[in-house]
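Structure first, commentary second.
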Amino acid sequence: MDTFFYYKNSLLFCESVSLLELAKKFGTPLFVTSKQSLLEQYHRFEKAFAALNHLTCYSVKANYNLSVIRTLVDAGSGLDVNSEGELYRALNAGASPQKIIMAGVGKTEAEIEYALRQKILMIKAESLSELKLIEKVARRLKIQASVGIRVTPNITAETHPYISTGNADEKFGIDERLMEKTLLAVKKMKFITVSGLEMHIGSKISNPKYYYDATLKLLEVKSLAEKLGIEITHFDIGGGFPVPYHIGEQETPIEEFAKMLVPLLKNIDAKILFEPGRFMVANASVIVSKTLYIKQNENGKKFVIVDAAMNDLIRPALYGSYHEILPIKKKAGKITADIVGPVCESGDFFARAREIGSVQEGDYVAVMSAGAYGYVMSSNYNARPRAAEVMVSGKTVRLARKRETLEQMIQNER
Ligand code: LLP
C-alpha cells in the first residue's frame with residue numbers, strides 16, 4: 001500500500017486528512033488523490049533514470065484530471081497524449097507543447113491539424129497511411145511536421161492480453177519488418193521530419209527483459225534509419241512500468257528496470273523518452289464508497305453492496321484485476337463476501353469471495369490503487385453520474401472535480 005494512505009487510530013488517512021471526514025464532506029463515491037504520492041513517484045522515476053539525457057512524458061490517459069496533469073507538469077514532466085481531447089487537457093494544464101508527444105492508432109485529420117498547429121514535440125505515426133495524411137496536412141498548413149515512428153518490435157510481453165501491444169498481430173504501430181519500406185517512403189515526404197522512433201510494448205509489464213529485447217530491435221531500426229540518411233534525435237521506449245496492487249506485493253521496482261536499461265540506453269546518441277502512466281498515478285488514488293447493504297443467500301454466501309460500481313472502476317470486470325478493499329474504520333473481525341456495486345450486471349464487482357476487514361451497513365470502504373485507468377474509464381452506465389474527485393496535499397483538500405449532476409447527464413440530448 002502507498003505510504004500516503006495509512007491507518008491512524010483505526011481510521012484510514014490520505015496524507016493528513018481522514019477519509020471518513022472526506023466521505024462525509026463530499027459524499028460518495030469519491031476519488032481521493034494524494035498529491036505527495038504523485039510527486040514521490042515522479043521523482044523516484046527521475047532518480048532511477050537520472051544518468052540518461054531524457055524526457056519523461058507522463059501518459060495522460062492513465063489519469064487526465066487537470067489537477068493531476070498540472071502537478072506532474074509543474075514538477076517538470078512532459079506528457080504523452082492519445083487524442084485531441086487529451087492534448088486539449090494537456091495544454092489547459094499548462095504544459096509546454098514542446099514537451100508533448102502524441103500517439104494514437106486512428107488519429108483523424110482534425111486531430112493531426114490540431115497537433116501540428118500547436119507545434120508539439122512529435123506526432124507518433126502508426127501507419128504508412130497516417131504518414132501520408134500528416135504530410136498532406138502539413139503541406140496545406142506549410143508546417144514542417146516533427147514525426148516519430150511507432151515501431152512494433154514483435155516482442156510479446158507477459159501481461160493481460162488486452163494490454164499487450166508489442167506484436168504486429170495487435171493493431172499498434174508499424175511492423176519492424178516494414179521499416180525499410182516505411183523509412184524510404186517517408187524520406188520523400190518533404191513536410192515531415194522524422195525526429196523519433198517509438199515503441200510501447202504494453203502495460204503492467206513486470207519483466208525488464210522485454211524492454212531490453214525490444215530496445216535492441218528499436219536500435220536496429222535506428223541504425224537502418226541512419227544508413228538511409230535519417231537522423232534520429234528522440235528514442236522513445238514507451239510506458240508500461242508496473243506497480244504493486246496487493247499489500248506487501250513484491251512488484252519489480254523501477255530501479256530494477258533502470259539497472260537493466262540504463263547501460264544500454266546510455267550509449268544511444270539521442271534523447272531518451274519514457275511514457276509511464278500507471279507508474280505515476282495508480283497508487284495515488286482510492287475510491288471511497290459507502291456500504292449500502294449486506295445480504296446473505298441461503299448457502300451463507302455474503303454480498304457487500306457498496307455505492308461505487310463498475311461504471312466508476314471497470315478494471316476488475318474488464319481484466320479481472322485485483323484491488324485491495326479496506327474499511328475506512330478498522331474494527332475487530334473480518335468478513336468474506338463479494339464486494340459489488342449497484343449496476344445491473346453480475347460482472348459489476350470489485351472483488352469476489354474476498355476476506356476484508358469487518359464492515360457493517362453504513363460503513364465506508366476504500367477501493368485502493370484506483371488512480372490509473374479508474375476515472376478515465378468511467379461511464380454513465382445505468383445513468384449513474386460520474387464521481388467527484390478531490391486532491392489532498394498535507395492538510396489541504398481541493399475539490400479537483402465536482403460530482404456530475406443528473407442535469408449534466410441529459411444536457412446534450414434533444
Ligand atoms: N504509451 C502508450 C502509447 C500507451 O498506449 C500507453 C498505455 C502508455 C504509454 C502508458 O502505459 P502505462 O505506463 O500506464 O502502462 N486500461 C488498462 C491499461 C491500458 C494501457 C493503454 N496504453 C488497465 O487498466 O490496466
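Just so we're on the same page: first chain in the C-alpha cells is A, next is B, and so on; residues restart at 1 for each chain, and ligands are numbered from 1 in the order they show up.
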
Using only C-alpha atoms, which residues sit within 8 Å of stretch 387-395 of chain A once same-chain residues fewer than 6 positions away are excluded, as a short mmCIF file (atom, residue, chain, number, x, y, z; two decimals) with C-alpha atoms, in the first residue's frame?
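part09.cif written:
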data_model
loop_
_atom_site.label_atom_id
_atom_site.label_comp_id
_atom_site.auth_asym_id
_atom_site.auth_seq_id
_atom_site.Cartn_x
_atom_site.Cartn_y
_atom_site.Cartn_z
CA CYS A 14 -4.78 10.19 2.97
CA GLU A 15 -1.75 12.26 3.94
CA SER A 16 -3.02 14.31 6.93
CA VAL A 17 -6.73 14.00 6.18
CA PHE A 26 -18.01 15.41 -0.32
CA THR A 28 -19.52 9.03 -2.13
CA PRO A 29 -18.36 7.51 -4.43
CA LEU A 30 -15.36 9.80 -4.20
CA PHE A 31 -11.92 9.57 -5.78
CA VAL A 32 -9.25 10.82 -3.37
CA THR A 33 -5.77 11.53 -4.72
CA SER A 34 -2.60 12.14 -2.74
CA LYS A 35 -0.56 14.89 -4.37
CA GLN A 36 2.59 13.88 -2.50
CA SER A 67 -5.00 18.75 -11.19
CA ASP A 312 -16.57 4.09 -11.66
CA TYR A 375 -11.98 7.70 -13.51
CA ARG A 401 -13.78 17.74 -9.97
CA LYS A 402 -17.36 18.31 -8.93
CA ARG A 403 -19.71 15.38 -8.86
CA GLU A 404 -21.67 15.15 -12.10
#

Check which residues fall inside 6 Å of ligand 1 when counting only C-alpha atoms and all ligand atoms, and print them as a list in words.
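The neighbouring residues of ligand 1 are, in order, Ser59, Ala62, Ala103, Ile163, His200, Ser203, Lys204, Gly238, Gly239, Gly240, Phe241, Glu275, Pro276, Gly277, Arg278, Phe279, Arg315 and Tyr373 of chain A.
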
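The two atoms in question, atom CA of A:Met377 and atom CA of A:Arg117, are spaced 28.3 Å apart.
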
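Using only C-alpha atoms, the shortest contact distance between A:Ala400 and any of A:Asn65, A:Asp348, A:Asn297, A:Leu12 is found at A:Asn65.
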
Give the strand (DSSP E or B) residues of stretch 7-41 of chain A, as assigned by DSSP on the backbone, as a list in words.
Tyr7, Lys8, Leu11, Leu12, Phe13, Cys14, Val17, Ser18, Leu30, Phe31, Val32, Thr33 and Ser34 of chain A

List every residue of stretch 167-334 of chain A that DSSP, applied to the backbone of this structure, places in helix (DSSP H, G or I), and write the result as an NGL selection string.
:A and (176-187 or 208-227 or 254-265 or 278-284 or 315-319)

Do you know which residues are at most 7 Å from stretch 68-72 of chain A counting only C-alpha atoms, after dropping those on the same chain fewer than 6 positions away, and could you put them as a PyMOL selection string?
chain A and resi 39+90+93-94

Using only C-alpha atoms for the distances, tell me which of A:Lys301, A:Arg177, A:Lys331, A:Arg44 is nearest to A:Leu218.
A:Arg177

Hey, what's within 12 Å of A:Pro253 if we count only C-alpha atoms and toss same-chain stuff fewer than 6 positions away? As a list in words, please?
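So the residues in contact are Gln41, Arg44, Phe45, Ala48, Lys204, Ile205, Ser206, Asn207, Pro208, Phe241, Pro242, Val243, Pro244, Lys259, Met260 and Phe279 of chain A.
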
When you look at A:His246 with a cut-off of 12 Å (counting only C-alpha atoms), what residues show up, excluding the ones that are within fewer than 3 positions of it in the same chain? I need them as a PyMOL selection string.
chain A and resi 1-2+243+249-251+283+321-326+367-369

Write out, as a short mmCIF file (atom, residue, chain, number, x, y, z; two decimals), in the first residue's frame, the residues just selected, with N, CA and C atoms.
data_model
loop_
_atom_site.label_atom_id
_atom_site.label_comp_id
_atom_site.auth_asym_id
_atom_site.auth_seq_id
_atom_site.Cartn_x
_atom_site.Cartn_y
_atom_site.Cartn_z
N MET A 1 0.85 -1.21 0.00
CA MET A 1 0.00 0.00 0.00
C MET A 1 0.88 1.24 0.00
N ASP A 2 0.40 2.25 -0.68
CA ASP A 2 1.12 3.51 -0.76
C ASP A 2 1.26 4.10 0.65
N VAL A 243 3.22 -1.43 -10.99
CA VAL A 243 3.14 -1.02 -9.58
C VAL A 243 2.50 -2.17 -8.82
N GLU A 249 2.96 -6.86 -1.87
CA GLU A 249 3.40 -7.49 -3.12
C GLU A 249 4.79 -7.00 -3.51
N GLN A 250 5.61 -7.94 -3.98
CA GLN A 250 6.96 -7.56 -4.42
C GLN A 250 6.98 -7.33 -5.92
N GLU A 251 6.40 -6.27 -6.39
CA GLU A 251 6.41 -5.97 -7.82
C GLU A 251 7.81 -5.47 -8.18
N ASN A 283 -1.23 4.19 -7.58
CA ASN A 283 -1.39 4.09 -6.14
C ASN A 283 -1.59 5.44 -5.44
N SER A 321 -8.89 -7.63 -12.67
CA SER A 321 -7.77 -7.11 -11.88
C SER A 321 -8.10 -7.00 -10.39
N TYR A 322 -7.05 -7.06 -9.61
CA TYR A 322 -7.17 -7.09 -8.16
C TYR A 322 -7.00 -5.68 -7.59
N HIS A 323 -7.93 -5.28 -6.75
CA HIS A 323 -7.79 -4.03 -5.99
C HIS A 323 -8.06 -4.34 -4.53
N GLU A 324 -7.18 -3.88 -3.67
CA GLU A 324 -7.42 -4.07 -2.23
C GLU A 324 -8.67 -3.28 -1.82
N ILE A 325 -9.40 -3.83 -0.84
CA ILE A 325 -10.55 -3.11 -0.30
C ILE A 325 -10.38 -3.01 1.20
N LEU A 326 -10.31 -1.78 1.69
CA LEU A 326 -10.03 -1.58 3.10
C LEU A 326 -11.16 -0.81 3.76
N VAL A 367 -11.57 1.50 -2.11
CA VAL A 367 -11.06 0.62 -3.16
C VAL A 367 -9.72 1.23 -3.55
N MET A 368 -8.66 0.45 -3.32
CA MET A 368 -7.31 1.02 -3.43
C MET A 368 -6.79 0.99 -4.87
N SER A 369 -5.69 1.69 -5.08
CA SER A 369 -4.97 1.69 -6.37
C SER A 369 -5.88 2.05 -7.55
#

Stretch 182-188 of chain A environment, 8 Å, only C-alpha atoms, sequence neighbours closer than 4 positions dropped, as a JSON list (two decimals) with N, CA and C atoms, in the first residue's frame:
[["chain", "number", "residue", "atom", "x", "y", "z"],
["A", 128, "LEU", "N", 1.57, 3.75, -42.50],
["A", 128, "LEU", "CA", 2.03, 4.49, -43.67],
["A", 128, "LEU", "C", 0.95, 5.47, -44.13],
["A", 131, "LEU", "N", 1.12, 8.52, -42.09],
["A", 131, "LEU", "CA", 2.26, 9.36, -42.50],
["A", 131, "LEU", "C", 1.87, 10.21, -43.72],
["A", 178, "LEU", "N", 8.72, -3.88, -41.69],
["A", 178, "LEU", "CA", 8.35, -2.99, -42.80],
["A", 178, "LEU", "C", 9.11, -1.66, -42.73],
["A", 192, "ILE", "N", 7.66, 16.31, -43.70],
["A", 192, "ILE", "CA", 7.85, 15.51, -42.49],
["A", 192, "ILE", "C", 9.33, 15.42, -42.15],
["A", 194, "VAL", "N", 11.46, 13.17, -39.69],
["A", 194, "VAL", "CA", 11.39, 12.05, -38.74],
["A", 194, "VAL", "C", 12.36, 12.37, -37.61],
["A", 225, "ALA", "N", 17.75, 3.61, -40.13],
["A", 225, "ALA", "CA", 17.36, 4.99, -40.47],
["A", 225, "ALA", "C", 18.59, 5.82, -40.79],
["A", 228, "LEU", "N", 20.03, 5.27, -44.02],
["A", 228, "LEU", "CA", 19.25, 5.90, -45.09],
["A", 228, "LEU", "C", 19.32, 7.43, -45.01],
["A", 230, "ILE", "N", 18.60, 9.34, -42.29],
["A", 230, "ILE", "CA", 17.59, 9.97, -41.41],
["A", 230, "ILE", "C", 18.17, 10.04, -40.00]]

Might you pull out every residue within 8 Å of A:Ile201, with only C-alpha atoms counted and same-chain residues fewer than 2 positions away left off, and present them as a short mmCIF file (atom, residue, chain, number, x, y, z; two decimals) with N, CA and C atoms, in the first residue's frame?
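File written: out.cif
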data_model
loop_
_atom_site.label_atom_id
_atom_site.label_comp_id
_atom_site.auth_asym_id
_atom_site.auth_seq_id
_atom_site.Cartn_x
_atom_site.Cartn_y
_atom_site.Cartn_z
N THR A 152 6.61 -1.48 -34.16
CA THR A 152 6.15 -2.66 -33.43
C THR A 152 7.31 -3.66 -33.44
N PRO A 153 7.92 -3.89 -32.29
CA PRO A 153 9.16 -4.67 -32.29
C PRO A 153 8.96 -6.18 -32.35
N ILE A 155 7.77 -8.07 -29.98
CA ILE A 155 8.12 -8.63 -28.67
C ILE A 155 6.79 -8.75 -27.91
N THR A 156 6.43 -9.95 -27.52
CA THR A 156 5.18 -10.12 -26.78
C THR A 156 5.48 -10.21 -25.29
N ALA A 157 5.20 -9.14 -24.59
CA ALA A 157 5.48 -9.11 -23.15
C ALA A 157 4.36 -9.83 -22.41
N SER A 164 -1.40 -5.91 -24.11
CA SER A 164 -0.11 -6.28 -24.70
C SER A 164 -0.09 -5.69 -26.11
N THR A 165 0.92 -4.90 -26.42
CA THR A 165 0.87 -4.13 -27.67
C THR A 165 2.13 -4.25 -28.53
N GLY A 166 3.06 -5.12 -28.16
CA GLY A 166 4.36 -5.12 -28.82
C GLY A 166 4.47 -6.01 -30.04
N ASN A 167 3.37 -6.66 -30.41
CA ASN A 167 3.42 -7.61 -31.52
C ASN A 167 2.61 -7.10 -32.70
N MET A 199 8.38 3.02 -29.30
CA MET A 199 7.70 1.74 -29.13
C MET A 199 6.92 1.80 -27.81
N SER A 203 1.34 -2.79 -21.14
CA SER A 203 1.13 -2.14 -19.85
C SER A 203 1.26 -3.17 -18.74
N TYR A 211 11.75 -5.14 -22.23
CA TYR A 211 12.18 -3.80 -22.67
C TYR A 211 13.57 -3.87 -23.30
N ALA A 214 13.27 -5.42 -26.74
CA ALA A 214 12.60 -4.51 -27.67
C ALA A 214 13.50 -3.32 -28.00
N GLY A 238 8.60 4.06 -24.47
CA GLY A 238 7.21 3.85 -24.07
C GLY A 238 7.00 3.78 -22.57
N GLY A 239 5.83 3.27 -22.20
CA GLY A 239 5.47 3.14 -20.79
C GLY A 239 5.30 1.67 -20.43
N GLY A 240 4.42 1.42 -19.46
CA GLY A 240 4.11 0.03 -19.11
C GLY A 240 4.70 -0.46 -17.81
#
